[in-house]
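Source file: target.cif. Holds: mmCIF, C-alpha atoms.
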data_final
loop_
_atom_site.label_atom_id
_atom_site.label_comp_id
_atom_site.auth_asym_id
_atom_site.auth_seq_id
_atom_site.Cartn_x
_atom_site.Cartn_y
_atom_site.Cartn_z
CA MET A 1 -1.86 29.50 -0.12
CA GLU A 2 1.03 31.94 -0.33
CA ASN A 3 2.93 31.81 -3.65
CA ILE A 4 6.32 30.98 -2.11
CA TYR A 5 7.69 29.41 -5.32
CA ASN A 6 6.72 32.30 -7.59
CA TRP A 7 4.37 30.12 -9.63
CA LYS A 8 2.89 31.30 -12.91
CA PRO A 9 -0.65 32.65 -12.31
CA GLU A 10 -2.32 29.55 -13.78
CA ILE A 11 -0.29 27.23 -11.52
CA GLN A 12 -1.09 29.24 -8.42
CA GLN A 13 -4.75 29.06 -9.44
CA LEU A 14 -4.42 25.28 -9.64
CA VAL A 15 -2.82 25.15 -6.19
CA ASP A 16 -5.62 27.26 -4.72
CA GLU A 17 -8.31 25.23 -6.51
CA LYS A 18 -6.84 21.98 -5.11
CA GLY A 19 -7.25 23.41 -1.62
CA PHE A 20 -3.61 22.93 -0.60
CA ARG A 21 -3.13 24.49 2.82
CA GLU A 22 0.56 23.68 3.08
CA TYR A 23 3.13 21.75 1.07
CA THR A 24 3.96 18.24 2.25
CA PRO A 25 7.51 17.28 3.30
CA ILE A 26 8.31 15.64 -0.06
CA GLN A 27 7.03 18.71 -1.90
CA LYS A 28 8.99 21.16 0.25
CA LYS A 29 12.21 19.22 -0.27
CA THR A 30 11.96 18.46 -4.00
CA ILE A 31 10.21 21.42 -5.64
CA PRO A 32 13.16 23.86 -5.24
CA LEU A 33 15.60 21.21 -6.54
CA ILE A 34 13.47 20.41 -9.60
CA LEU A 35 13.07 24.11 -10.41
CA LYS A 36 16.87 24.40 -10.35
CA GLY A 37 17.18 21.53 -12.84
CA ARG A 38 18.78 19.04 -10.46
CA ASP A 39 18.41 15.26 -10.81
CA VAL A 40 16.36 14.02 -7.84
CA ILE A 41 15.59 10.65 -6.27
CA GLY A 42 12.45 11.14 -4.18
CA ILE A 43 11.61 8.39 -1.69
CA SER A 44 8.11 8.74 -0.30
CA ALA A 45 5.03 6.58 0.13
CA THR A 46 1.80 6.90 -1.84
CA GLY A 47 -0.50 9.51 -0.37
CA THR A 48 2.25 11.93 0.70
CA GLY A 49 1.79 14.30 -2.25
CA LYS A 50 4.69 13.07 -4.34
CA SER A 51 2.85 13.40 -7.69
CA HIS A 52 2.42 17.15 -7.28
CA ALA A 53 5.99 17.33 -5.98
CA PHE A 54 7.08 16.95 -9.61
CA ILE A 55 3.94 18.00 -11.52
CA LEU A 56 3.89 21.58 -10.21
CA PRO A 57 7.55 22.50 -10.89
CA LEU A 58 7.49 20.81 -14.32
CA LEU A 59 4.40 22.78 -15.32
CA GLN A 60 6.29 25.87 -14.24
CA LYS A 61 9.23 24.96 -16.53
CA VAL A 62 7.14 24.18 -19.64
CA ASP A 63 7.24 26.81 -22.38
CA THR A 64 3.87 26.57 -24.13
CA SER A 65 5.11 28.68 -27.06
CA LEU A 66 7.34 25.81 -28.22
CA ASN A 67 6.03 23.02 -30.45
CA SER A 68 8.03 20.19 -28.86
CA ILE A 69 7.85 17.62 -26.10
CA GLN A 70 9.50 18.99 -22.98
CA VAL A 71 8.46 16.54 -20.24
CA ILE A 72 8.07 12.73 -20.19
CA ILE A 73 6.32 11.06 -17.25
CA THR A 74 6.41 7.25 -17.16
CA ALA A 75 4.29 4.89 -15.08
CA PRO A 76 4.42 1.07 -14.77
CA THR A 77 0.67 0.50 -15.29
CA ARG A 78 -2.03 2.06 -17.42
CA GLU A 79 -4.05 2.87 -14.28
CA LEU A 80 -1.20 4.90 -12.82
CA ALA A 81 -0.54 6.55 -16.19
CA ARG A 82 -4.17 7.65 -16.50
CA GLN A 83 -4.23 8.91 -12.91
CA LEU A 84 -1.09 11.00 -13.52
CA TYR A 85 -2.49 12.24 -16.82
CA ASN A 86 -5.68 13.38 -15.10
CA GLN A 87 -3.65 15.21 -12.45
CA VAL A 88 -1.43 16.98 -14.99
CA SER A 89 -4.40 17.85 -17.22
CA GLU A 90 -6.03 19.83 -14.41
CA ILE A 91 -3.87 22.78 -15.52
CA ASN A 92 -5.96 23.08 -18.70
CA GLU A 93 -8.83 24.45 -16.65
CA PHE A 94 -6.70 27.54 -16.06
CA ASP A 95 -4.53 27.54 -19.20
CA PRO A 96 -5.65 25.56 -22.27
CA ASP A 97 -2.32 26.23 -24.05
CA TYR A 98 -0.65 23.30 -22.25
CA ARG A 99 -0.76 20.31 -24.61
CA ILE A 100 -0.79 17.07 -22.59
CA LYS A 101 -1.03 13.61 -24.12
CA LEU A 102 -1.71 10.17 -22.63
CA ILE A 103 0.32 7.45 -24.40
CA SER A 104 -0.73 4.20 -22.81
CA SER A 105 -1.37 0.54 -23.42
CA GLY A 106 -5.06 -0.20 -23.62
CA LEU A 107 -5.70 2.76 -25.98
CA ASP A 108 -6.12 2.55 -29.74
CA LYS A 109 -2.59 2.72 -31.14
CA GLN A 110 -3.46 4.07 -34.59
CA ARG A 111 -5.63 6.80 -33.16
CA MET A 112 -2.78 7.85 -30.86
CA MET A 113 -0.35 7.94 -33.79
CA ASP A 114 -2.74 10.03 -35.88
CA SER A 115 -3.07 12.57 -33.06
CA LEU A 116 0.69 13.19 -32.94
CA ASN A 117 0.88 15.42 -36.01
CA THR A 118 1.20 18.16 -33.41
CA GLN A 119 3.58 17.16 -30.65
CA PRO A 120 2.41 17.69 -27.04
CA HIS A 121 4.37 19.60 -24.41
CA ILE A 122 3.98 16.81 -21.83
CA VAL A 123 3.51 13.10 -22.45
CA VAL A 124 2.34 10.73 -19.72
CA GLY A 125 2.36 7.03 -20.43
CA THR A 126 3.32 3.44 -19.91
CA VAL A 127 6.91 2.58 -20.71
CA GLY A 128 6.22 -0.01 -23.42
CA ARG A 129 3.85 2.18 -25.45
CA LEU A 130 6.13 5.25 -25.14
CA LYS A 131 9.06 3.21 -26.42
CA ASP A 132 6.93 1.75 -29.22
CA LEU A 133 5.81 5.12 -30.62
CA PHE A 134 9.24 6.70 -30.12
CA VAL A 135 11.67 3.96 -31.18
CA ASP A 136 9.64 1.65 -33.43
CA GLU A 137 7.11 4.01 -35.04
CA ALA A 138 9.16 7.24 -34.82
CA VAL A 139 6.05 9.41 -34.44
CA LEU A 140 6.72 10.58 -30.88
CA ARG A 141 9.71 12.97 -30.64
CA LEU A 142 10.82 12.18 -27.11
CA ASP A 143 14.40 13.09 -28.02
CA LYS A 144 13.45 16.76 -27.64
CA ALA A 145 12.44 16.33 -24.00
CA LYS A 146 14.30 18.20 -21.25
CA THR A 147 13.01 16.18 -18.27
CA ILE A 148 11.90 12.60 -17.66
CA VAL A 149 10.09 11.33 -14.56
CA ILE A 150 10.23 7.63 -13.61
CA ASP A 151 7.31 7.31 -11.23
CA GLU A 152 6.94 4.23 -8.98
CA ALA A 153 10.45 3.11 -9.96
CA ASP A 154 10.54 0.08 -7.64
CA MET A 155 7.30 -1.17 -9.14
CA THR A 156 8.68 -0.57 -12.66
CA LEU A 157 11.63 -2.77 -11.72
CA GLU A 158 9.46 -5.48 -10.13
CA MET A 159 7.18 -5.69 -13.17
CA GLY A 160 10.19 -6.19 -15.46
CA PHE A 161 9.96 -2.87 -17.34
CA ILE A 162 13.31 -1.39 -16.31
CA GLU A 163 15.01 -2.73 -19.46
CA GLU A 164 12.50 -0.88 -21.62
CA VAL A 165 13.12 2.28 -19.59
CA ASP A 166 16.84 1.72 -20.20
CA GLN A 167 16.28 1.43 -23.97
CA LEU A 168 14.15 4.55 -23.90
CA CYS A 169 16.57 6.67 -21.86
CA GLY A 170 19.53 5.58 -24.01
CA ARG A 171 18.03 7.52 -26.95
CA LEU A 172 17.29 10.73 -25.06
CA ALA A 173 19.40 13.87 -24.66
CA ASP A 174 22.61 13.60 -22.62
CA ASP A 175 21.75 16.66 -20.51
CA LEU A 176 18.29 15.33 -19.65
CA GLN A 177 17.02 16.07 -16.15
CA MET A 178 15.92 12.78 -14.55
CA LEU A 179 13.51 12.56 -11.62
CA VAL A 180 12.94 9.19 -9.96
CA PHE A 181 10.12 8.77 -7.43
CA SER A 182 9.54 5.59 -5.50
CA ALA A 183 8.42 4.17 -2.16
CA THR A 184 11.71 2.23 -1.94
CA ILE A 185 14.95 2.06 -3.92
CA PRO A 186 15.91 -1.63 -4.33
CA ALA A 187 19.58 -2.53 -4.84
CA GLN A 188 18.77 -3.88 -8.34
CA LEU A 189 17.77 -0.35 -9.36
CA GLN A 190 21.15 1.19 -8.49
CA PRO A 191 22.98 0.37 -11.78
CA PHE A 192 20.25 2.10 -13.79
CA LEU A 193 20.38 5.19 -11.54
CA ARG A 194 24.18 5.42 -11.77
CA LYS A 195 24.02 5.09 -15.57
CA TYR A 196 21.61 7.93 -16.25
CA MET A 197 21.52 10.31 -13.29
CA MET A 198 23.97 13.18 -12.84
CA ASN A 199 24.92 13.68 -9.18
CA PRO A 200 21.35 13.05 -8.00
CA ILE A 201 20.14 14.43 -4.71
CA ILE A 202 18.37 11.78 -2.63
CA VAL A 203 15.34 13.12 -0.79
CA GLU A 204 13.68 10.84 1.71
CA ALA A 205 10.58 12.43 3.12
CA THR A 206 8.36 11.08 5.86
CA GLU A 207 5.36 12.76 7.41
CA SER A 208 5.86 14.51 10.72
CA HIS A 209 4.83 12.59 13.83
CA SER A 210 1.66 14.68 14.21
CA ASN A 211 0.50 13.39 10.83
CA GLU A 212 1.41 9.75 11.37
CA PRO A 213 -1.52 7.43 10.80
CA HIS A 214 -3.47 6.03 13.74
CA ILE A 215 -3.84 2.41 12.70
CA GLU A 216 -4.97 -0.58 14.74
CA HIS A 217 -3.34 -3.77 13.46
CA VAL A 218 -5.67 -6.73 14.02
CA LEU A 219 -4.78 -10.38 13.45
CA ILE A 220 -7.49 -12.93 12.67
CA ASN A 221 -6.69 -16.65 12.65
CA CYS A 222 -8.32 -18.51 9.72
CA ARG A 223 -7.75 -21.90 11.38
CA HIS A 224 -9.36 -24.52 9.11
CA LEU A 225 -10.97 -21.95 6.77
CA SER A 226 -9.54 -20.42 3.60
CA TYR A 227 -8.82 -16.67 3.51
CA ALA A 228 -11.94 -16.07 1.40
CA GLU A 229 -14.18 -18.15 3.70
CA LYS A 230 -12.91 -16.32 6.77
CA LEU A 231 -13.38 -12.99 5.00
CA LEU A 232 -17.09 -13.70 4.57
CA ARG A 233 -17.32 -14.56 8.27
CA ILE A 234 -15.88 -11.22 9.46
CA LEU A 235 -17.35 -8.74 6.95
CA PRO A 236 -20.64 -8.43 8.91
CA GLY A 237 -18.54 -7.03 11.77
CA ILE A 238 -17.02 -4.26 9.62
CA GLN A 239 -18.88 -1.11 8.60
CA PRO A 240 -16.38 0.59 6.28
CA TYR A 241 -16.50 3.81 4.35
CA VAL A 242 -14.01 2.33 1.90
CA CYS A 243 -12.39 -1.07 2.50
CA MET A 244 -9.38 -2.24 0.47
CA ILE A 245 -8.99 -6.03 0.37
CA PHE A 246 -5.56 -7.28 -0.74
CA ALA A 247 -4.88 -10.67 -2.30
CA ARG A 248 -1.52 -11.93 -3.57
CA THR A 249 -2.32 -12.69 -7.22
CA LYS A 250 -4.74 -11.47 -9.87
CA GLN A 251 -6.41 -14.89 -9.88
CA GLU A 252 -7.05 -14.65 -6.14
CA VAL A 253 -8.35 -11.09 -6.62
CA LYS A 254 -10.82 -12.29 -9.24
CA GLU A 255 -11.98 -15.26 -7.15
CA VAL A 256 -12.49 -13.17 -4.00
CA ALA A 257 -14.27 -10.41 -5.93
CA ASP A 258 -16.63 -12.95 -7.53
CA LEU A 259 -17.34 -14.54 -4.13
CA LEU A 260 -18.20 -11.20 -2.54
CA LYS A 261 -20.43 -10.22 -5.46
CA ASP A 262 -22.25 -13.56 -5.17
CA ASN A 263 -22.91 -12.72 -1.52
CA GLY A 264 -24.33 -9.29 -2.28
CA TYR A 265 -21.37 -7.03 -1.54
CA PRO A 266 -20.74 -3.96 -3.78
CA VAL A 267 -17.26 -4.76 -5.12
CA THR A 268 -14.82 -2.94 -7.38
CA GLU A 269 -11.99 -5.18 -8.56
CA ILE A 270 -8.60 -4.14 -9.94
CA HIS A 271 -6.45 -6.79 -11.62
CA GLY A 272 -4.50 -7.37 -14.82
CA ASP A 273 -7.17 -9.46 -16.58
CA LEU A 274 -9.66 -6.60 -16.81
CA SER A 275 -10.33 -5.13 -20.24
CA SER A 276 -9.39 -1.50 -20.90
CA ARG A 277 -13.03 -0.49 -20.58
CA GLU A 278 -13.44 -2.37 -17.30
CA ARG A 279 -10.29 -0.76 -15.89
CA LYS A 280 -11.50 2.72 -16.81
CA GLN A 281 -14.85 2.06 -15.19
CA ALA A 282 -13.20 0.72 -12.02
CA LEU A 283 -10.94 3.79 -11.75
CA LYS A 284 -13.91 6.08 -12.37
CA THR A 285 -15.86 4.36 -9.59
CA ILE A 286 -12.91 4.73 -7.20
CA SER A 287 -12.17 8.36 -8.12
CA ASN A 288 -15.86 9.29 -7.69
CA ASP A 289 -15.75 7.79 -4.18
CA ASP A 290 -18.45 5.29 -5.15
CA ALA A 291 -16.49 2.17 -4.21
CA THR A 292 -17.10 0.50 -0.84
CA TYR A 293 -15.09 -2.72 -1.23
CA ILE A 294 -12.01 -2.62 -3.49
CA VAL A 295 -10.37 -5.99 -4.10
CA CYS A 296 -6.88 -5.71 -5.57
CA SER A 297 -3.29 -6.96 -5.62
CA ASP A 298 -0.29 -5.00 -4.33
CA ILE A 299 0.96 -4.35 -7.86
CA MET A 300 -2.33 -2.97 -9.20
CA ALA A 301 -3.01 -0.83 -6.12
CA ARG A 302 0.39 0.84 -5.93
CA GLY A 303 0.20 4.53 -6.72
CA LEU A 304 -3.60 4.72 -6.60
CA ASP A 305 -4.37 7.48 -4.12
CA ILE A 306 -7.61 6.68 -2.28
CA PRO A 307 -7.68 8.99 0.76
CA SER A 308 -11.00 7.80 2.22
CA VAL A 309 -9.98 4.19 3.07
CA SER A 310 -11.24 3.33 6.56
CA HIS A 311 -10.35 -0.39 6.61
CA VAL A 312 -7.69 -2.59 5.01
CA ILE A 313 -7.92 -6.38 4.92
CA SER A 314 -4.93 -8.54 3.97
CA LEU A 315 -5.72 -12.08 2.86
CA GLY A 316 -2.45 -13.45 4.16
CA LEU A 317 0.82 -11.54 4.19
CA PRO A 318 2.28 -10.20 0.94
CA SER A 319 5.24 -11.99 -0.66
CA SER A 320 7.41 -9.01 0.28
CA LEU A 321 6.84 -7.97 3.89
CA ASP A 322 7.66 -4.36 2.99
CA TYR A 323 4.35 -4.28 1.15
CA TYR A 324 2.50 -4.76 4.44
CA THR A 325 3.55 -1.23 5.38
CA HIS A 326 2.11 0.03 2.08
CA ARG A 327 -1.10 -1.95 2.58
CA SER A 328 -1.78 -0.84 6.15
CA GLY A 329 -0.72 2.73 5.32
CA ARG A 330 -3.70 3.03 2.99
CA THR A 331 -5.88 3.84 6.00
CA GLY A 332 -5.55 6.24 8.92
CA ARG A 333 -4.77 9.24 6.72
CA ALA A 334 -5.43 12.94 7.21
CA GLY A 335 -5.64 12.56 10.98
CA ARG A 336 -8.31 9.87 10.83
CA SER A 337 -7.98 6.46 12.49
CA GLY A 338 -8.07 3.20 10.57
CA VAL A 339 -7.96 -0.56 11.00
CA SER A 340 -5.69 -3.01 9.19
CA TYR A 341 -6.87 -6.63 9.45
CA VAL A 342 -4.60 -9.56 8.60
CA LEU A 343 -6.26 -12.92 7.98
CA TYR A 344 -3.53 -15.47 8.62
CA ASN A 345 -2.78 -19.18 8.73
CA GLU A 346 0.26 -21.28 9.65
CA ASN A 347 2.16 -20.16 6.53
CA ASP A 348 2.07 -16.53 7.73
CA ILE A 349 3.41 -17.10 11.27
CA GLN A 350 7.08 -16.48 10.46
CA GLY A 351 6.27 -13.26 8.62
CA LEU A 352 4.16 -12.05 11.53
CA LYS A 353 7.10 -12.63 13.86
CA VAL A 354 9.30 -10.49 11.62
CA LEU A 355 6.71 -7.68 11.52
CA LYS A 356 6.27 -7.84 15.29
CA ASN A 357 10.02 -7.50 15.73
CA GLN A 358 9.89 -4.47 13.42
CA GLY A 359 7.55 -2.77 15.89
CA PHE A 360 4.04 -3.53 14.66
CA ALA A 361 1.74 -3.81 17.69
CA PHE A 362 -0.73 -6.53 16.73
CA VAL A 363 -3.87 -7.40 18.65
CA SER A 364 -5.63 -10.71 18.05
CA LYS A 365 -9.40 -10.83 17.59
CA ASP A 366 -12.14 -12.94 16.09
CA TYR A 367 -15.70 -12.21 15.03
CA ARG A 368 -18.74 -14.09 16.27
CA ARG A 369 -22.41 -13.41 15.69
CA THR A 370 -22.48 -11.60 19.01
CA GLY A 371 -19.61 -9.32 17.96
CA TRP A 372 -15.83 -9.04 18.18
CA ILE A 373 -13.97 -11.00 20.86
CA ASN A 374 -10.35 -11.10 21.96
CA ALA A 375 -8.35 -14.10 20.77
CA LYS A 376 -5.07 -15.75 21.63
CA PRO A 377 -1.96 -14.03 20.20
CA PHE A 378 -0.53 -15.66 17.06
CA ASP A 379 2.61 -16.58 19.02
CA PHE A 380 0.76 -17.81 22.11
CA LYS A 381 2.38 -20.90 23.60
CA PRO A 382 0.27 -22.83 26.09
CA VAL A 383 2.14 -23.54 29.28
CA ARG A 384 2.65 -27.24 29.73
CA GLN A 385 1.59 -28.90 32.92
CA SER A 386 4.31 -28.19 35.45
CA GLN A 387 6.43 -30.93 36.97
CA GLU A 388 5.03 -30.03 40.37
CA THR A 389 1.43 -30.54 39.17
CA SER A 390 2.31 -33.84 37.47
CA GLU A 391 3.90 -35.14 40.64
CA ALA A 392 0.89 -34.07 42.73
CA ILE A 393 -1.48 -35.90 40.38
CA GLN A 394 0.71 -39.02 40.43
CA LYS A 395 0.61 -39.02 44.22
CA VAL A 396 -3.18 -38.97 44.15
CA LEU A 397 -3.31 -41.75 41.56
CA HIS A 398 -0.92 -43.96 43.46
CA LYS A 399 -2.13 -43.17 46.93
CA PRO A 400 -2.45 -46.50 48.78
CA VAL A 401 -6.05 -47.40 49.57
CA LYS A 402 -6.52 -49.56 52.66
CA ARG A 403 -10.20 -50.09 52.08
CA VAL A 404 -12.15 -49.30 48.97
CA LYS A 405 -15.14 -47.10 49.79
CA PRO A 406 -18.09 -46.26 47.54
CA GLY A 407 -17.33 -43.30 45.27
CA TYR A 408 -13.57 -43.39 45.86
CA LYS A 409 -12.86 -42.97 42.11
CA LYS A 410 -15.06 -39.89 41.95
CA LYS A 411 -13.35 -38.42 45.00
CA ARG A 412 -9.92 -39.11 43.49
CA GLN A 413 -10.94 -37.38 40.24
CA GLN A 414 -12.21 -34.37 42.16
CA GLU A 415 -8.85 -34.10 43.89
CA ILE A 416 -7.04 -34.24 40.53
CA ASP A 417 -9.41 -31.65 39.06
CA SER A 418 -8.69 -29.35 42.00
CA ILE A 419 -4.95 -29.61 41.34
CA ARG A 420 -5.47 -28.83 37.64
CA ARG A 421 -7.70 -25.83 38.47
CA ARG A 422 -4.95 -24.39 40.65
CA GLU A 423 -2.53 -24.86 37.76
CA ARG A 424 -4.96 -23.19 35.34
CA ARG A 425 -5.45 -20.18 37.63
CA LEU A 426 -1.72 -19.76 37.83
CA MET A 427 -1.44 -19.90 34.02
CA ILE A 428 -4.19 -17.28 33.61
CA LYS A 429 -2.44 -14.94 36.04
CA GLN A 430 0.80 -15.32 34.10
CA SER A 431 -1.01 -14.71 30.80
CA ILE A 432 -2.66 -11.54 32.17
CA LYS A 433 0.70 -10.21 33.33
CA GLN A 434 2.22 -10.94 29.90
CA ARG A 435 -0.61 -9.13 28.08
CA GLN A 436 -0.32 -6.16 30.41
CA LYS A 437 3.38 -5.94 29.58
CA GLU A 438 2.65 -6.14 25.83
CA ARG A 439 -0.03 -3.43 26.06
CA ALA A 440 2.37 -1.20 27.98
CA LYS A 441 5.02 -1.71 25.30
CA ALA A 442 2.48 -0.98 22.55
CA ALA A 443 1.37 2.22 24.29
CA GLN A 444 5.00 3.28 24.64
CA ARG A 445 5.59 2.62 20.92
CA GLU A 446 2.53 4.73 20.02
CA LYS A 447 3.88 7.64 22.04
CA GLY A 448 7.29 7.37 20.42
CA GLY A 449 6.12 6.26 16.94
CA TYR A 450 7.16 3.11 15.08
#

How would this structure read if it were set down as structure tokens?
Amino acid sequence: MENIYNWKPEIQQLVDEKGFREYTPIQKKTIPLILKGRDVIGISATGTGKSHAFILPLLQKVDTSLNSIQVIITAPTRELARQLYNQVSEINEFDPDYRIKLISSGLDKQRMMDSLNTQPHIVVGTVGRLKDLFVDEAVLRLDKAKTIVIDEADMTLEMGFIEEVDQLCGRLADDLQMLVFSATIPAQLQPFLRKYMMNPIIVEATESHSNEPHIEHVLINCRHLSYAEKLLRILPGIQPYVCMIFARTKQEVKEVADLLKDNGYPVTEIHGDLSSRERKQALKTISNDDATYIVCSDIMARGLDIPSVSHVISLGLPSSLDYYTHRSGRTGRAGRSGVSYVLYNENDIQGLKVLKNQGFAFVSKDYRRTGWINAKPFDFKPVRQSQETSEAIQKVLHKPVKRVKPGYKKKRQQEIDSIRRRERRLMIKQSIKQRQKERAKAAQREKGGY
């Protein structure tokens, strides 16, 4: 790709090696600003290239001749920290002079401290461990840094780490460049941003319409079954390349993962109760494209870039409906189509109504041994027997009989059944018209985008 940003040779080699054909919208908008030293708030979903939107320009700004920390990159979870560390460390293939260090929970603390006799140029880590080695142990000289990146800021806030970020930033240089990247910017995050950022430029980047994902949103009614029981019923009807299955809590993740394993499915689980070794193995399996079924929570999956997801299954709606967009957006990338299934029960109905009003075009299906079948919409309301039909039936029931003949009851019932069949045919016609209207609206939305 053409070197439009005048990258150092080793960075251009990295860009070429990664196979970038063009920069994504978030990269095009933020790279020039970061190179100029501006504070930036980048709003973009996972999978849009936001990591390299800050990694590339920060590598460009690092002076490898200096023996000091120049860049801090924070992440809310150890999985995200390791993923970012692996991405940044790719530069060492082309220039080994970059010193990059992972400072994360789940790693041996003493060994990390012993390795800091020589300070790295770039540190990537979890907020708590960075603060620990900087403030409490005083072995990590973050005060020399020129730039800090708060990646997945909304998730950092939700997980309760923003106070630790505040304590960390309060001890850094006043002229520090701050870069904040997030899928959303909640109102609760605003005081922190105002406190530490200097006239930040807000960049909100979305993919062009030609790159928008082609996702079919399918609703499946659990009825009397639990989410997990219904999941087992439908999995034979799905042949995924990679399927991400979302549960609300880490306990639910563990239970569903165990159930699938017991039934012979190859499962990779991601939740907070895994040991450090188990987490590393899970991430390695995912990064090597060896995972078929990934069971996870919204928190643990945020930031993990898995481009080959063909199917997403939600076991109920997430606690925050915004997360449904993140869940379903895991599939249908790079011009491919994808399917997002939602297994729902009565508790999810109100949330489904909200999502439908937001423009999601849901279709309702169910899986039988013979294959997939169409099902009633989640908001289907059966038409009650009309007043006209009721009156017609009452007339038959109260029709005066001068002389009782054999089989008169059977004949009366046949007459009533005939009236009800007419009513049913009318209802079916109305239902067909309604579905045709909904399909037309859905097709129109697809043409114009959500």

Legend entry - Selection under test: the PyMOL selection byres ((chain A and resi 273) around 9); residues as a list in words: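 Given this file, the PyMOL selection byres ((chain A and resi 273) around 9) evaluates to Lys250, Gln251, Lys254, Ile270, His271, Gly272, Leu274 and Ser275 of chain A.
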
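Closest approach to Lys365 (chain A) from the set A:Asn199, A:Gly332, A:Lys18, A:Ile234 is made by A:Ile234, with distances taken over all atoms listed in the file.
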
Selection dump of the PyMOL selection byres ((chain A and resi 259) around 12), as a PDB file with C-alpha atoms, keeping the file's coordinate frame:
ATOM      1  CA  TYR A 227      -8.820 -16.670   3.510  1.00  0.00           C
ATOM      2  CA  ALA A 228     -11.940 -16.070   1.400  1.00  0.00           C
ATOM      3  CA  GLU A 229     -14.180 -18.150   3.700  1.00  0.00           C
ATOM      4  CA  LYS A 230     -12.910 -16.320   6.770  1.00  0.00           C
ATOM      5  CA  LEU A 231     -13.380 -12.990   5.000  1.00  0.00           C
ATOM      6  CA  LEU A 232     -17.090 -13.700   4.570  1.00  0.00           C
ATOM      7  CA  GLU A 252      -7.050 -14.650  -6.140  1.00  0.00           C
ATOM      8  CA  VAL A 253      -8.350 -11.090  -6.620  1.00  0.00           C
ATOM      9  CA  LYS A 254     -10.820 -12.290  -9.240  1.00  0.00           C
ATOM     10  CA  GLU A 255     -11.980 -15.260  -7.150  1.00  0.00           C
ATOM     11  CA  VAL A 256     -12.490 -13.170  -4.000  1.00  0.00           C
ATOM     12  CA  ALA A 257     -14.270 -10.410  -5.930  1.00  0.00           C
ATOM     13  CA  ASP A 258     -16.630 -12.950  -7.530  1.00  0.00           C
ATOM     14  CA  LEU A 260     -18.200 -11.200  -2.540  1.00  0.00           C
ATOM     15  CA  LYS A 261     -20.430 -10.220  -5.460  1.00  0.00           C
ATOM     16  CA  ASP A 262     -22.250 -13.560  -5.170  1.00  0.00           C
ATOM     17  CA  ASN A 263     -22.910 -12.720  -1.520  1.00  0.00           C
ATOM     18  CA  GLY A 264     -24.330  -9.290  -2.280  1.00  0.00           C
ATOM     19  CA  TYR A 265     -21.370  -7.030  -1.540  1.00  0.00           C
ATOM     20  CA  PRO A 266     -20.740  -3.960  -3.780  1.00  0.00           C
ATOM     21  CA  VAL A 267     -17.260  -4.760  -5.120  1.00  0.00           C
ATOM     22  CA  GLU A 269     -11.990  -5.180  -8.560  1.00  0.00           C
ATOM     23  CA  VAL A 295     -10.370  -5.990  -4.100  1.00  0.00           C
TER      24      VAL A 295
END

Legend entry - Picked residues, the PyMOL selection byres ((chain A and resi 164) around 12), as an MDAnalysis selection string: chainID A and resid 74:76 126:132 134:135 150 156:157 159:163 165:171 192

Just the residues within 7 Å of Tyr341 (chain A), please, counting all atoms listed in the file, with nothing from its chain fewer than 4 positions along; format it as a CSV table (one decimal) with C-alpha atoms, in the coordinates of the input.
chain,number,residue,atom,x,y,z
A,217,HIS,CA,-3.3,-3.8,13.5
A,218,VAL,CA,-5.7,-6.7,14.0
A,219,LEU,CA,-4.8,-10.4,13.4
A,312,VAL,CA,-7.7,-2.6,5.0
A,313,ILE,CA,-7.9,-6.4,4.9
A,314,SER,CA,-4.9,-8.5,4.0

Legend entry - Residue nearest His214 (chain A) - candidates A:Val339, A:Leu172, A:Val180, A:Leu321, atoms counted: only C-alpha atoms: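 Smallest distance to His214 (chain A) is found for A:Val339.
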
Inset, instruction - Compile the contact shell of Glu2 (chain A) as a PyMOL selection string: residues with an atom at most 12 Å away, counting all atoms listed in the file, same-chain residues fewer than 5 positions apart removed. - result: chain A and resi 7+12-13+15-16+19-23

Residues of region 41-92 of chain A that approach region 101-104 of chain A to 12 Å or less, counting only C-alpha atoms: could you list each one with the shortest pair of atoms and its distance in Å to one decimal, rows by chain and increasing residue number, as CSV?
residue,atom,partner,partner_atom,distance
A:Ile69,CA,A:Lys101,CA,9.9
A:Gln70,CA,A:Lys101,CA,11.9
A:Val71,CA,A:Lys101,CA,10.7
A:Ile72,CA,A:Lys101,CA,10.0
A:Ile73,CA,A:Leu102,CA,9.7
A:Thr74,CA,A:Ile103,CA,9.5
A:Ala75,CA,A:Ser104,CA,9.2
A:Pro76,CA,A:Ser104,CA,10.0
A:Thr77,CA,A:Ser104,CA,8.5
A:Arg78,CA,A:Ser104,CA,5.9
A:Glu79,CA,A:Ser104,CA,9.2
A:Leu80,CA,A:Ser104,CA,10.0
A:Ala81,CA,A:Ser104,CA,7.0
A:Arg82,CA,A:Leu102,CA,7.1
A:Gln83,CA,A:Leu102,CA,10.1
A:Leu84,CA,A:Leu102,CA,9.2
A:Tyr85,CA,A:Leu102,CA,6.2
A:Asn86,CA,A:Leu102,CA,9.1
A:Gln87,CA,A:Leu102,CA,11.5
A:Val88,CA,A:Lys101,CA,9.7
A:Ser89,CA,A:Lys101,CA,8.8
A:Asn92,CA,A:Lys101,CA,12.0

Legend entry - For Ala53 (chain A): contacts at 9 Å, all atoms listed in the file, fewer than 4 positions along chain excluded, given as a PyMOL selection string: chain A and resi 23-24+26-31+34+49+57
